[in-house]
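Just input-v5.cif here, mmCIF, C-alpha atoms:
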data_final
loop_
_atom_site.label_atom_id
_atom_site.label_comp_id
_atom_site.auth_asym_id
_atom_site.auth_seq_id
_atom_site.Cartn_x
_atom_site.Cartn_y
_atom_site.Cartn_z
CA MET L 605 15.81 45.27 -165.88
CA ILE L 606 17.67 47.27 -163.23
CA GLU L 607 14.89 46.39 -160.84
CA ASP L 608 15.41 42.67 -161.54
CA ILE L 609 19.13 43.00 -160.91
CA SER L 610 18.43 44.93 -157.70
CA ASP L 611 16.00 42.21 -156.54
CA LYS L 612 18.56 39.49 -157.30
CA ILE L 613 21.28 41.36 -155.36
CA GLU L 614 18.91 41.74 -152.39
CA GLU L 615 18.03 38.02 -152.58
CA ILE L 616 21.73 37.08 -152.70
CA GLY L 617 22.36 39.29 -149.64
CA LYS L 618 19.59 37.49 -147.71
CA LEU L 619 20.96 34.11 -148.76
CA ASP L 620 24.45 35.17 -147.65
CA THR L 621 23.06 36.22 -144.26
CA ASN L 622 21.25 32.87 -143.97
CA ILE L 623 24.47 30.98 -144.82
CA HIS L 624 26.42 32.86 -142.13
CA SER L 625 23.66 32.18 -139.63
CA LEU L 626 23.69 28.45 -140.46
CA MET L 627 27.48 28.34 -140.18
CA TYR L 628 27.33 29.98 -136.75
CA LYS L 629 24.63 27.54 -135.63
CA SER L 630 26.65 24.57 -136.92
CA VAL L 631 29.63 25.73 -134.83
CA GLU L 632 27.33 25.92 -131.78
CA VAL L 633 26.02 22.40 -132.47
CA HIS L 634 29.60 21.13 -132.84
CA ASN L 635 30.56 22.67 -129.49
CA ASP L 636 27.48 21.13 -127.88
CA ILE L 637 28.42 17.71 -129.27
CA LEU L 638 31.97 18.04 -127.88
CA SER L 639 30.58 19.00 -124.48
CA LEU L 640 28.14 16.07 -124.49
CA GLU L 641 30.91 13.71 -125.53
CA ALA L 642 33.09 14.84 -122.61
CA THR L 643 30.15 14.41 -120.22
CA THR L 644 29.44 10.94 -121.64
CA ASN L 645 33.07 9.88 -121.22
CA ARG L 646 33.06 11.11 -117.61
CA LEU L 647 29.82 9.25 -116.90
CA LEU L 648 31.19 6.06 -118.45
CA ALA L 649 34.32 6.26 -116.27
CA ASP L 650 32.19 6.90 -113.17
CA THR L 651 29.92 3.98 -114.08
CA LYS L 652 32.89 1.62 -114.49
CA LYS L 653 34.30 2.68 -111.13
CA LEU L 654 30.90 2.22 -109.49
CA SER L 655 30.56 -1.22 -111.06
CA ASP L 656 34.01 -2.21 -109.81
CA ASP L 657 33.14 -0.94 -106.32
CA LEU L 658 29.88 -2.90 -106.40
CA ASP L 659 31.77 -6.09 -107.32
CA ASP L 660 34.11 -5.50 -104.36
CA VAL L 661 31.16 -4.96 -102.00
CA ARG L 662 29.44 -8.12 -103.25
CA TYR L 663 32.65 -10.10 -102.73
CA LEU L 664 32.97 -8.78 -99.18
CA ASP L 665 29.29 -9.49 -98.44
CA GLU L 666 29.70 -13.07 -99.63
CA LEU L 667 32.88 -13.47 -97.60
CA ILE L 668 31.20 -12.09 -94.47
CA THR L 669 28.31 -14.50 -94.99
CA ILE L 670 30.76 -17.39 -95.13
CA LEU L 671 32.66 -16.15 -92.09
CA ASN L 672 29.41 -15.91 -90.14
CA GLY L 673 28.76 -19.55 -90.94
CA ASP L 674 25.50 -18.90 -92.80
CA ILE L 675 26.41 -20.77 -95.97
CA GLY L 676 23.15 -22.69 -96.48
CA PRO L 677 21.60 -20.59 -99.26
CA VAL L 678 24.92 -19.55 -100.77
CA ILE L 679 26.77 -22.87 -100.81
CA HIS L 680 25.46 -23.79 -104.26
CA ARG L 681 26.84 -20.70 -105.96
CA GLU L 682 29.89 -20.61 -108.17
CA TRP L 683 32.46 -18.67 -106.15
CA PRO L 684 35.54 -16.76 -107.33
CA TYR L 685 37.53 -18.51 -104.57
CA GLN L 686 37.88 -21.97 -103.03
CA ILE L 687 36.96 -22.99 -99.51
CA LEU L 688 39.36 -25.59 -98.12
CA PHE L 689 38.42 -27.19 -94.79
CA ASP L 690 40.76 -28.61 -92.16
CA THR L 691 39.78 -31.21 -89.59
CA PRO L 692 37.40 -30.11 -86.82
CA ASP L 693 39.14 -28.33 -83.97
CA ARG L 694 37.33 -28.26 -80.60
CA GLY L 695 33.89 -28.25 -82.17
CA ARG L 696 34.79 -25.60 -84.72
CA HIS L 697 35.75 -26.01 -88.36
CA SER L 698 38.64 -23.93 -89.55
CA GLY L 699 39.33 -23.37 -93.21
CA TYR L 700 40.94 -21.20 -95.79
CA VAL L 701 39.48 -18.97 -98.47
CA LYS L 702 41.49 -18.79 -101.68
CA ARG L 703 40.58 -16.56 -104.57
CA GLU L 704 41.09 -18.26 -107.91
CA THR L 705 43.26 -15.35 -109.02
CA ASP L 706 45.33 -15.31 -105.81
CA TYR L 707 46.33 -18.88 -105.06
CA HIS L 708 49.51 -17.66 -103.40
CA GLU L 709 47.57 -16.03 -100.54
CA SER L 710 45.15 -17.71 -98.15
CA VAL L 711 42.89 -16.22 -95.50
CA LYS L 712 42.21 -18.44 -92.51
CA PHE L 713 38.76 -18.25 -90.99
CA CYS L 714 36.66 -20.09 -88.47
CA MET L 715 33.11 -21.26 -89.13
CA CYS L 716 31.50 -21.25 -85.70
#

In structure tokens, write the structure found in this file.
Amino acid sequence: MIEDISDKIEEIGKLDTNIHSLMYKSVEVHNDILSLEATTNRLLADTKKLSDDLDDVRYLDELITILNGDIGPVIHREWPYQILFDTPDRGRHSGYVKRETDYHESVKFCMC
């Protein structure tokens, strides 16, 4: 009978050690999750900034294409700005580019 009690006490001690080990490991996992969450948030912010920069570059590329007069393949696209043409001036067509969001500002350009 004393042997049985001794075995049970030893088993309880092992279980207690296992519980402490699992608690320590769960704290490590929690810290890892917090670290991964911070990394994910940073990557999401960087991705949004990169996407915004890419939109700006695309806008500038399209504007440069228009300013260079090569509007054949791009004329049928839906643009975020309007192109308003004046009358021909000495063989050149002048016009204005207006962004839909900035109707108060116009940029004059020449299509040569």

Open item on the list: Quick check, in Å to one decimal: how far apart do atom CA of Leu671 of chain L and atom CA of Lys652 of chain L lie?
Closed with: 28.6 Å

- [ ] Could you tell me how far atom CA of Gly673 of chain L lies from atom CA of Leu654 of chain L, in Å and to one decimal?
- [x]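 Straight-line distance from atom CA of Gly673 of chain L to atom CA of Leu654 of chain L works out to 28.7 Å.
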
- [ ] Have a look at atom CA of Glu641 of chain L and atom CA of His624 of chain L and let me know their distance in Å, one decimal.
- [x]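 We find that atom CA of Glu641 of chain L and atom CA of His624 of chain L lie 25.7 Å from each other.
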